[in-house]
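Coordinates from input17.txt are shown below (compact mmCIF, C-alpha atoms).
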```txt
# COMPACT_ATOMS: atom_id res chain seq x y z
CA MET Z 1 62.83 -19.57 165.30
CA ARG Z 2 64.47 -19.70 161.91
CA TYR Z 3 64.93 -22.99 160.21
CA THR Z 4 67.24 -23.51 157.26
CA PHE Z 5 66.08 -26.17 154.88
CA ASP Z 6 68.74 -28.58 153.75
CA PHE Z 7 67.58 -30.84 150.98
CA GLY Z 8 71.21 -31.53 150.05
CA ALA Z 9 71.53 -34.01 152.90
CA VAL Z 10 68.59 -35.92 151.43
CA LEU Z 11 69.67 -35.69 147.81
CA ASP Z 12 73.06 -37.16 148.77
CA ARG Z 13 71.15 -40.34 149.48
CA ALA Z 14 69.40 -40.37 146.08
CA PRO Z 15 70.58 -43.91 145.18
CA GLU Z 16 68.93 -45.26 148.34
CA LEU Z 17 65.73 -43.44 147.47
CA LEU Z 18 65.85 -44.90 143.96
CA TRP Z 19 66.30 -48.45 145.26
CA GLY Z 20 63.55 -47.81 147.80
CA SER Z 21 61.24 -46.67 145.00
CA LEU Z 22 61.98 -49.83 143.05
CA GLY Z 23 61.26 -51.81 146.22
CA THR Z 24 57.91 -50.03 146.52
CA LEU Z 25 57.08 -50.76 142.87
CA GLY Z 26 58.06 -54.41 143.33
CA LEU Z 27 55.93 -54.73 146.48
CA ALA Z 28 53.01 -53.06 144.73
CA LEU Z 29 53.26 -55.21 141.61
CA ALA Z 30 53.59 -58.48 143.52
CA GLY Z 31 50.79 -57.42 145.86
CA MET Z 32 48.51 -56.60 142.90
CA LEU Z 33 49.15 -59.95 141.21
CA LEU Z 34 48.44 -61.84 144.43
CA ALA Z 35 45.35 -59.67 145.00
CA LEU Z 36 44.09 -60.52 141.50
CA VAL Z 37 44.61 -64.26 142.07
CA ILE Z 38 42.85 -64.10 145.44
CA GLY Z 39 40.12 -61.96 143.87
CA ILE Z 40 39.42 -64.44 141.06
CA LEU Z 41 39.58 -67.50 143.35
CA GLY Z 42 37.37 -65.69 145.83
CA VAL Z 43 34.73 -64.93 143.21
CA VAL Z 44 34.73 -68.57 142.11
CA ALA Z 45 34.43 -69.72 145.73
CA ARG Z 46 31.73 -67.11 146.37
CA SER Z 47 29.49 -68.83 143.78
CA SER Z 48 30.28 -72.33 145.03
CA LYS Z 49 27.50 -74.80 145.86
CA SER Z 50 28.82 -75.28 149.39
CA GLU Z 51 27.24 -72.87 151.82
CA ILE Z 52 30.30 -73.02 154.11
CA THR Z 53 32.64 -71.94 151.30
CA ARG Z 54 30.35 -69.05 150.38
CA ALA Z 55 30.08 -67.93 154.01
CA ALA Z 56 33.86 -68.18 154.46
CA VAL Z 57 34.44 -65.83 151.52
CA ILE Z 58 31.91 -63.33 152.86
CA VAL Z 59 33.49 -63.37 156.33
CA PHE Z 60 36.97 -62.97 154.80
CA VAL Z 61 35.88 -59.95 152.76
CA GLU Z 62 34.07 -58.28 155.67
CA VAL Z 63 36.88 -58.83 158.17
CA VAL Z 64 39.59 -57.54 155.84
CA ARG Z 65 37.60 -54.52 154.72
CA ASN Z 66 36.64 -53.47 158.23
CA THR Z 67 40.01 -53.67 159.99
CA PRO Z 68 43.12 -51.50 159.44
CA PHE Z 69 45.90 -52.78 157.19
CA LEU Z 70 48.43 -52.05 159.94
CA VAL Z 71 46.69 -54.49 162.31
CA GLN Z 72 46.44 -57.06 159.51
CA ILE Z 73 50.12 -56.87 158.68
CA PHE Z 74 51.11 -57.21 162.37
CA PHE Z 75 48.79 -60.18 162.74
CA ILE Z 76 50.22 -61.94 159.67
CA TYR Z 77 53.77 -61.04 160.68
CA PHE Z 78 53.34 -62.79 164.03
CA ALA Z 79 51.00 -65.55 162.85
CA LEU Z 80 53.20 -67.00 160.07
CA PRO Z 81 56.14 -68.00 162.34
CA LEU Z 82 53.69 -69.70 164.73
CA MET Z 83 52.52 -71.78 161.76
CA GLY Z 84 56.14 -72.75 161.18
CA ILE Z 85 56.53 -70.45 158.16
CA ARG Z 86 59.61 -68.24 158.30
CA LEU Z 87 59.69 -65.58 155.62
CA ASN Z 88 61.60 -62.35 155.25
CA PRO Z 89 59.63 -59.16 156.00
CA THR Z 90 59.29 -58.19 152.33
CA VAL Z 91 57.62 -61.49 151.41
CA THR Z 92 55.39 -61.19 154.47
CA ALA Z 93 54.44 -57.70 153.31
CA ILE Z 94 53.51 -59.03 149.84
CA ILE Z 95 51.25 -61.64 151.43
CA ALA Z 96 49.58 -59.00 153.61
CA LEU Z 97 49.10 -56.66 150.63
CA GLY Z 98 47.72 -59.51 148.51
CA ILE Z 99 45.23 -60.52 151.19
CA ASN Z 100 44.13 -56.93 151.75
CA GLY Z 101 43.84 -56.11 148.05
CA GLY Z 102 42.27 -59.50 147.34
CA ALA Z 103 39.30 -58.81 149.60
CA TYR Z 104 38.55 -55.58 147.72
CA ALA Z 105 39.17 -57.31 144.37
CA ILE Z 106 36.59 -60.00 145.17
CA GLU Z 107 33.87 -57.39 145.59
CA ILE Z 108 34.92 -55.45 142.49
CA ILE Z 109 35.18 -58.49 140.20
CA ARG Z 110 31.87 -59.91 141.45
CA GLY Z 111 30.14 -56.63 140.62
CA GLY Z 112 31.63 -56.72 137.11
CA ILE Z 113 30.47 -60.23 136.34
CA GLU Z 114 27.00 -59.51 137.65
CA SER Z 115 26.84 -56.51 135.33
CA VAL Z 116 26.86 -58.76 132.23
CA SER Z 117 23.23 -59.54 131.52
CA ARG Z 118 22.01 -63.07 130.92
CA GLY Z 119 20.33 -62.03 127.66
CA GLN Z 120 23.66 -61.11 126.07
CA ILE Z 121 25.09 -64.53 126.84
CA GLU Z 122 22.02 -66.22 125.36
CA ALA Z 123 22.28 -63.97 122.31
CA GLY Z 124 25.88 -65.11 121.89
CA PHE Z 125 24.87 -68.75 121.86
CA ALA Z 126 22.00 -68.00 119.50
CA LEU Z 127 24.51 -66.52 117.06
CA GLY Z 128 26.35 -69.85 117.12
CA LEU Z 129 29.40 -68.74 119.10
CA HIS Z 130 31.44 -71.33 120.94
CA LYS Z 131 31.34 -71.48 124.72
CA ALA Z 132 34.93 -70.20 124.87
CA ASP Z 133 34.12 -67.31 122.54
CA VAL Z 134 31.02 -66.40 124.51
CA PHE Z 135 33.11 -66.28 127.66
CA ARG Z 136 35.98 -64.34 126.07
CA LEU Z 137 33.98 -61.83 124.02
CA ILE Z 138 30.70 -61.46 125.85
CA VAL Z 139 31.49 -62.12 129.50
CA LEU Z 140 35.18 -61.38 130.03
CA LYS Z 141 35.84 -58.28 127.96
CA PRO Z 142 32.78 -56.25 129.01
CA ALA Z 143 33.27 -57.40 132.61
CA LEU Z 144 36.90 -56.31 132.48
CA ARG Z 145 35.86 -52.97 131.09
CA ALA Z 146 33.24 -52.56 133.80
CA ILE Z 147 35.67 -53.32 136.64
CA TYR Z 148 38.70 -51.59 135.13
CA PRO Z 149 38.23 -48.13 136.73
CA SER Z 150 37.57 -49.42 140.26
CA LEU Z 151 40.19 -52.14 140.04
CA THR Z 152 42.93 -49.79 138.87
CA SER Z 153 42.13 -47.16 141.48
CA GLN Z 154 42.22 -49.94 144.05
CA PHE Z 155 45.67 -50.86 142.70
CA ILE Z 156 46.88 -47.29 143.13
CA MET Z 157 45.58 -47.32 146.71
CA LEU Z 158 47.43 -50.59 147.24
CA THR Z 159 50.62 -48.96 145.97
CA LEU Z 160 50.21 -46.11 148.46
CA THR Z 161 49.45 -48.62 151.22
CA THR Z 162 52.85 -50.29 150.70
CA SER Z 163 54.30 -47.44 152.79
CA VAL Z 164 52.71 -49.03 155.87
CA CYS Z 165 54.94 -52.10 155.29
CA THR Z 166 57.77 -50.10 156.84
CA SER Z 167 56.26 -51.13 160.20
CA ILE Z 168 57.62 -54.66 159.73
CA ALA Z 169 60.81 -53.35 158.07
CA ALA Z 170 60.01 -54.51 154.54
CA TYR Z 171 62.29 -53.18 151.81
CA GLU Z 172 60.56 -50.15 150.30
CA LEU Z 173 60.63 -46.36 150.02
CA THR Z 174 59.26 -45.39 153.44
CA SER Z 175 61.71 -47.58 155.33
CA ALA Z 176 64.51 -46.06 153.24
CA ALA Z 177 63.19 -42.64 154.28
CA GLN Z 178 63.20 -43.61 157.94
CA ARG Z 179 66.79 -44.82 157.66
CA ILE Z 180 67.88 -41.56 156.04
CA GLU Z 181 65.96 -39.56 158.64
CA SER Z 182 67.69 -41.27 161.56
CA ASP Z 183 71.09 -40.63 159.96
CA THR Z 184 70.57 -37.00 158.94
CA PHE Z 185 67.86 -35.72 161.35
CA ARG Z 186 66.39 -33.86 158.35
CA SER Z 187 62.90 -35.25 159.06
CA PHE Z 188 60.84 -32.71 157.16
CA GLU Z 189 63.08 -32.65 154.10
CA VAL Z 190 63.22 -36.44 153.88
CA TYR Z 191 59.47 -36.98 154.17
CA PHE Z 192 58.67 -34.06 151.88
CA THR Z 193 60.94 -35.49 149.18
CA VAL Z 194 59.60 -39.00 149.59
CA THR Z 195 56.00 -37.77 149.49
CA ALA Z 196 56.83 -36.12 146.17
CA ILE Z 197 58.28 -39.40 144.89
CA TYR Z 198 55.07 -41.22 145.84
CA LEU Z 199 53.08 -38.56 143.99
CA VAL Z 200 55.19 -39.16 140.87
CA ILE Z 201 54.74 -42.94 141.17
CA SER Z 202 50.96 -42.76 141.57
CA SER Z 203 50.62 -40.18 138.77
CA LEU Z 204 52.65 -42.36 136.41
CA MET Z 205 50.50 -45.36 137.28
CA MET Z 206 47.33 -43.38 136.70
CA GLY Z 207 48.65 -42.27 133.31
CA LEU Z 208 49.62 -45.81 132.37
CA PHE Z 209 46.26 -47.23 133.40
CA ALA Z 210 44.46 -44.54 131.37
CA LEU Z 211 46.62 -45.32 128.34
CA ILE Z 212 45.85 -49.04 128.58
CA SER Z 213 42.17 -48.30 128.92
CA ARG Z 214 42.20 -46.10 125.82
CA HIS Z 215 43.81 -48.89 123.81
CA TYR Z 216 41.85 -51.93 124.92
CA PHE Z 217 38.44 -50.65 125.83
CA ASN Z 218 38.03 -48.10 123.07
CA TYR Z 219 34.91 -49.38 121.39
CA PRO Z 220 31.34 -48.11 121.43
CA THR Z 221 28.87 -49.71 123.83
CA ARG Z 222 25.80 -49.10 121.71
CA MET R 1 54.17 -64.80 178.44
CA GLY R 2 52.02 -62.57 180.53
CA PRO R 3 48.27 -62.69 180.99
CA ILE R 4 45.86 -60.26 179.37
CA GLY R 5 44.12 -58.96 182.45
CA GLU R 6 42.01 -56.04 183.49
CA ASP R 7 44.92 -53.58 183.32
CA GLN R 8 45.79 -54.50 179.75
CA PHE R 9 42.18 -54.28 178.70
CA PHE R 10 41.85 -50.88 180.36
CA PHE R 11 44.96 -49.70 178.49
CA LEU R 12 43.43 -50.83 175.19
CA MET R 13 40.24 -48.95 176.03
CA GLN R 14 42.31 -45.82 176.69
CA GLY R 15 43.78 -46.29 173.22
CA LEU R 16 40.33 -46.83 171.75
CA LYS R 17 39.22 -43.51 173.21
CA TRP R 18 41.96 -41.71 171.22
CA THR R 19 41.14 -43.67 168.06
CA VAL R 20 37.50 -42.62 168.25
CA LEU R 21 38.39 -39.03 169.13
CA LEU R 22 40.86 -38.78 166.24
CA ALA R 23 38.31 -40.16 163.79
CA ILE R 24 35.64 -37.74 165.03
CA VAL R 25 37.93 -34.70 165.00
CA GLY R 26 39.26 -35.63 161.55
CA PHE R 27 35.76 -36.14 160.24
CA ILE R 28 34.31 -32.91 161.63
CA GLY R 29 37.37 -30.80 160.76
CA GLY R 30 37.60 -32.48 157.38
CA GLY R 31 33.89 -31.95 156.87
CA ILE R 32 34.13 -28.19 157.49
CA PHE R 33 37.10 -27.68 155.15
CA GLY R 34 35.80 -30.35 152.78
CA ILE R 35 32.58 -28.46 152.06
CA LEU R 36 34.68 -25.37 151.33
CA ILE R 37 36.85 -27.36 148.92
CA ALA R 38 33.82 -28.91 147.23
CA LEU R 39 32.31 -25.44 146.71
CA LEU R 40 35.57 -23.99 145.34
CA ARG R 41 36.04 -27.06 143.14
CA THR R 42 32.61 -26.50 141.57
CA SER R 43 32.85 -22.69 141.43
CA LYS R 44 33.03 -20.55 138.30
CA ASN R 45 36.49 -19.28 139.19
CA LYS R 46 39.10 -21.19 137.22
CA VAL R 47 41.97 -20.46 139.63
CA ALA R 48 39.96 -21.77 142.60
CA ARG R 49 39.04 -24.89 140.64
CA THR R 50 42.65 -25.58 139.66
CA ILE R 51 44.06 -25.04 143.14
CA THR R 52 41.49 -27.29 144.82
CA ALA R 53 41.97 -29.95 142.12
CA GLY R 54 45.70 -29.90 142.89
CA TYR R 55 45.05 -30.09 146.64
CA ILE R 56 42.79 -33.12 146.18
CA GLY R 57 45.24 -34.73 143.74
CA VAL R 58 48.15 -34.44 146.17
CA PHE R 59 46.24 -35.99 149.07
CA GLN R 60 44.78 -38.78 146.93
CA GLY R 61 48.12 -39.48 145.25
CA THR R 62 50.32 -39.85 148.32
CA PRO R 63 50.23 -42.29 151.24
CA LEU R 64 48.37 -41.20 154.36
CA LEU R 65 51.44 -42.24 156.37
CA MET R 66 53.61 -39.72 154.47
CA GLN R 67 51.00 -37.00 155.00
CA LEU R 68 51.18 -37.72 158.72
CA PHE R 69 54.97 -37.50 158.74
CA VAL R 70 55.13 -34.29 156.67
CA VAL R 71 52.49 -32.50 158.74
CA TYR R 72 53.94 -33.82 161.99
CA TYR R 73 57.43 -32.49 161.26
CA GLY R 74 56.14 -29.52 159.26
CA VAL R 75 54.11 -28.19 162.18
CA ALA R 76 57.18 -28.54 164.41
CA LEU R 77 59.16 -26.36 161.97
CA LEU R 78 56.69 -23.53 162.41
CA GLY R 79 58.29 -23.12 165.82
CA ILE R 80 55.08 -23.71 167.70
CA ASP R 81 55.40 -26.11 170.58
CA VAL R 82 52.73 -28.60 169.58
CA ASN R 83 51.99 -31.90 171.16
CA ALA R 84 51.61 -35.01 169.04
CA TRP R 85 47.84 -34.97 169.41
CA ILE R 86 47.41 -31.59 167.67
CA ALA R 87 49.85 -32.43 164.88
CA VAL R 88 48.12 -35.72 164.16
CA ALA R 89 44.66 -34.14 164.34
CA VAL R 90 45.73 -31.47 161.84
CA ALA R 91 47.04 -34.14 159.47
CA PHE R 92 43.81 -36.14 159.58
CA THR R 93 41.75 -32.98 159.12
CA LEU R 94 43.69 -32.04 155.97
CA HIS R 95 43.51 -35.61 154.66
CA ALA R 96 39.76 -35.87 155.29
CA SER R 97 39.06 -32.44 153.78
CA ALA R 98 40.59 -33.51 150.46
CA PHE R 99 38.70 -36.81 150.27
CA LEU R 100 35.38 -35.40 151.49
CA GLY R 101 35.83 -32.42 149.16
CA GLU R 102 36.16 -34.78 146.20
CA ILE R 103 33.19 -36.93 147.29
CA TRP R 104 31.00 -33.85 147.73
CA ARG R 105 32.15 -32.31 144.45
CA GLY R 106 30.84 -35.43 142.78
CA SER R 107 27.49 -35.22 144.55
CA ILE R 108 27.08 -31.50 143.85
CA GLU R 109 27.65 -32.24 140.17
CA ALA R 110 25.23 -35.17 140.35
CA VAL R 111 22.33 -32.87 141.28
CA PRO R 112 20.40 -32.37 138.02
CA LYS R 113 21.25 -29.14 136.14
CA GLY R 114 17.57 -28.22 136.06
CA GLN R 115 17.69 -27.59 139.79
CA THR R 116 20.32 -24.86 139.34
CA GLU R 117 18.43 -23.38 136.41
CA ALA R 118 15.16 -23.39 138.35
CA ALA R 119 16.86 -21.73 141.34
CA ASN R 120 18.30 -19.08 139.01
CA ALA R 121 14.92 -18.55 137.38
CA LEU R 122 13.43 -17.98 140.83
CA GLY R 123 16.03 -15.27 141.36
CA LEU R 124 17.90 -17.06 144.15
CA HIS R 125 21.44 -15.84 144.67
CA TYR R 126 24.45 -18.14 145.12
CA VAL R 127 24.25 -18.65 148.90
CA SER R 128 20.57 -19.44 148.92
CA ARG R 129 20.81 -21.58 145.80
CA MET R 130 23.52 -23.71 147.39
CA LYS R 131 22.18 -23.77 150.95
CA ASP R 132 18.52 -24.35 150.17
CA VAL R 133 18.50 -26.14 146.83
CA ILE R 134 21.72 -27.87 145.78
CA LEU R 135 23.49 -28.91 149.01
CA PRO R 136 20.53 -30.67 150.68
CA GLN R 137 20.12 -32.86 147.60
CA ALA R 138 23.87 -33.36 147.23
CA LEU R 139 24.14 -34.38 150.88
CA LYS R 140 21.63 -37.17 150.32
CA ILE R 141 23.43 -38.40 147.20
CA SER R 142 26.77 -38.36 149.02
CA MET R 143 25.71 -40.34 152.09
CA PRO R 144 26.94 -43.83 151.08
CA ALA R 145 30.35 -42.53 149.97
CA THR R 146 30.65 -40.25 153.01
CA ILE R 147 29.97 -43.14 155.39
CA GLY R 148 32.42 -45.27 153.41
CA PHE R 149 35.07 -42.62 153.91
CA LEU R 150 34.35 -42.46 157.64
CA VAL R 151 35.24 -46.17 157.78
CA GLN R 152 38.44 -45.48 155.81
CA LEU R 153 39.32 -42.65 158.18
CA THR R 154 38.71 -44.74 161.30
CA LYS R 155 40.99 -47.46 159.95
CA GLY R 156 43.47 -44.78 158.88
CA THR R 157 43.85 -43.44 162.41
CA SER R 158 45.82 -46.62 163.14
CA LEU R 159 48.73 -45.11 161.18
CA ALA R 160 49.15 -42.52 163.95
CA ALA R 161 50.71 -45.46 165.81
CA ILE R 162 53.73 -45.31 163.48
CA VAL R 163 54.28 -41.65 164.37
CA GLY R 164 54.26 -42.74 168.01
CA PHE R 165 50.80 -41.54 169.03
CA ILE R 166 49.21 -43.96 171.48
CA GLU R 167 45.86 -44.91 170.02
CA LEU R 168 44.31 -48.38 169.78
CA THR R 169 46.90 -50.00 167.51
CA ARG R 170 49.89 -48.51 169.39
CA ALA R 171 48.34 -49.58 172.68
CA GLY R 172 48.04 -53.06 171.19
CA GLN R 173 51.71 -53.01 170.16
CA ILE R 174 52.78 -51.99 173.66
CA ILE R 175 50.72 -54.73 175.31
CA SER R 176 51.90 -57.25 172.75
CA ASN R 177 55.50 -56.41 173.64
CA GLN R 178 54.73 -56.73 177.36
CA THR R 179 52.83 -59.99 177.24
CA TYR R 180 54.38 -61.73 174.21
CA ARG R 181 50.93 -62.67 172.98
CA PRO R 182 50.80 -60.82 169.64
CA LEU R 183 48.09 -62.96 168.04
CA LEU R 184 45.70 -62.62 170.95
CA VAL R 185 46.35 -58.89 171.34
CA PHE R 186 46.12 -58.01 167.64
CA GLY R 187 43.12 -60.33 167.36
CA ILE R 188 41.36 -58.29 170.06
CA VAL R 189 42.49 -54.99 168.52
CA GLY R 190 41.24 -56.11 165.09
CA ALA R 191 37.92 -57.20 166.61
CA ILE R 192 37.47 -53.77 168.21
CA TYR R 193 38.04 -52.00 164.88
CA PHE R 194 35.62 -54.45 163.26
CA ILE R 195 32.92 -53.72 165.83
CA ILE R 196 33.22 -50.00 165.02
CA CYS R 197 33.60 -50.22 161.25
CA TRP R 198 31.32 -53.08 160.26
CA PRO R 199 28.00 -51.47 161.28
CA LEU R 200 29.06 -48.27 159.49
CA SER R 201 30.00 -50.18 156.34
CA HIS R 202 26.68 -51.98 156.42
CA ALA R 203 24.69 -48.81 156.92
CA GLY R 204 26.54 -47.28 153.97
CA SER R 205 26.04 -50.15 151.55
CA GLY R 206 22.42 -50.61 152.66
CA LEU R 207 21.76 -46.96 151.90
CA GLU R 208 23.46 -47.33 148.53
CA LYS R 209 21.28 -50.30 147.58
CA ARG R 210 18.11 -48.52 148.65
CA MET R 211 19.05 -45.42 146.65
CA ALA R 212 19.93 -47.51 143.58
CA LYS R 213 16.51 -49.14 143.78
CA ALA R 214 14.76 -45.81 144.20
CA ALA R 215 16.56 -44.40 141.16
CA ARG R 216 15.33 -47.20 138.94
```
Translate the structure of the given file into structure tokens.
Amino acid sequence: MRYTFDFGAVLDRAPELLWGSLGTLGLALAGMLLALVIGILGVVARSSKSEITRAAVIVFVEVVRNTPFLVQIFFIYFALPLMGIRLNPTVTAIIALGINGGAYAIEIIRGGIESVSRGQIEAGFALGLHKADVFRLIVLKPALRAIYPSLTSQFIMLTLTTSVCTSIAAYELTSAAQRIESDTFRSFEVYFTVTAIYLVISSLMMGLFALISRHYFNYPTR
Amino acid sequence: MGPIGEDQFFFLMQGLKWTVLLAIVGFIGGGIFGILIALLRTSKNKVARTITAGYIGVFQGTPLLMQLFVVYYGVALLGIDVNAWIAVAVAFTLHASAFLGEIWRGSIEAVPKGQTEAANALGLHYVSRMKDVILPQALKISMPATIGFLVQLTKGTSLAAIVGFIELTRAGQIISNQTYRPLLVFGIVGAIYFIICWPLSHAGSGLEKRMAKAAR
């Protein structure tokens, strides 16, 4: 069998792919921000005095990390309306992404804070630094630097995961691809092109994250 | 609303069988090609290193769902009459080989240089040096990450549902549509994944902690 590739049919729909890409970036960005908020709140709750709060955070993290995102997004998609909350699929997708990414962020941020040794904090106070300065300079910045690589690679994974949001018809690149596929029947060409677009997006993000790291965390440790 | 009875549960178990099979096939197939990729990635040949780095980069930089679609329709273009099961298994094998290859590259490089030098000094050639000296140590170092990836892969098999392959998640979708009880059905489906993945995750992180302690 001979097959003639026809990428023209796909390229004709370039504007749709562009809007889809922007949708993906928007989903990813909103998901990351929500994940960060959940991550920080989760770490605070994880060190709470109440045993129930601590246990709840641990259960949340374990459940989210040990079930597929696709099942999570279906669950949330059907659960929200039952709670009387009606949202459009894209907002639902952001919530699902935030919850998923948040569980991973909790573990990453916790590890970073634990990596700052007690002695350094005491040394800061001994030097006469204010509480705010100790937190900003001695706890926050080194902790940020420690978690930066894992947090950013988690963010890139989150960006790639947004493609699963097509299952609830959120507005993003993969759902655009599926629309184009059902119109043109050029399945391979569509998905090949879109895969390449994802590769560009994730490479650009990696480059950007590396650039930020070189600017902000470029100081010697010893 | 319909009840979730024996029939529905049996259907879910049928789906679970395919989920487990897909994960196992992907892991074994990915393991075989992954070791090859790890060896090429750490070889002296620059071309081999560049090609495998590109291979790993592409699979780590694109969504698993897109990889499934491209392989699924790509295999069909080859003109071979393949069923969905083979196409999906091939996609997971390729995916796993890239990730395992990268994990194992890291562990091969984590084996102290002195080991290679000592093996060379003893006159061991490449095959024996790798098989008897480097890889056994690398395997041990890689265990936590390898188990972690197995969990990722098991969860990842759920995406085969979007391609239309009936595994656990797709079976759940079908039953949910029949019974109109999405929360109950996806709750059960999620619980089944959890029962498989959680012990693996725990084994992996337990191993990691023990190895971190031993290294100190």
Inset, instruction - Considering all atoms listed in the file, return as a list in words whatever protein or nucleic-acid residues lie within 7 Å of range 66-78 of chain Z, sequence-local ones (same chain, fewer than 4 positions apart) excluded. - result: Glu62, Leu82, Thr92, Ala93, Ala96 and Val164 of chain Z; Lys155, Gly156, Ser158, Thr169, Pro182, Leu183, Phe186, Gly190, Tyr193, Phe194, Cys197 and Trp198 of chain R
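The gap separating CA of Phe92 in chain R from CA of Gly26 in chain R is 5.0 Å, in Å to one decimal.
You will find CA of Val91 in chain Z at 8.0 Å from CA of Ala170 in chain Z.
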Legend entry - Interface list for chain Z, partner chain R, 9 Å threshold, only C-alpha atoms, as a PyMOL selection string: chain Z and resi 1-3+62-72+74-76+78-79+156-157+159-164+167+174+187-192+194-203
Legend entry - Interatomic distance, CA of Met211 in chain R to CA of Gly106 in chain R (Å, one decimal):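 Interatomic distance here is 15.9 Å.
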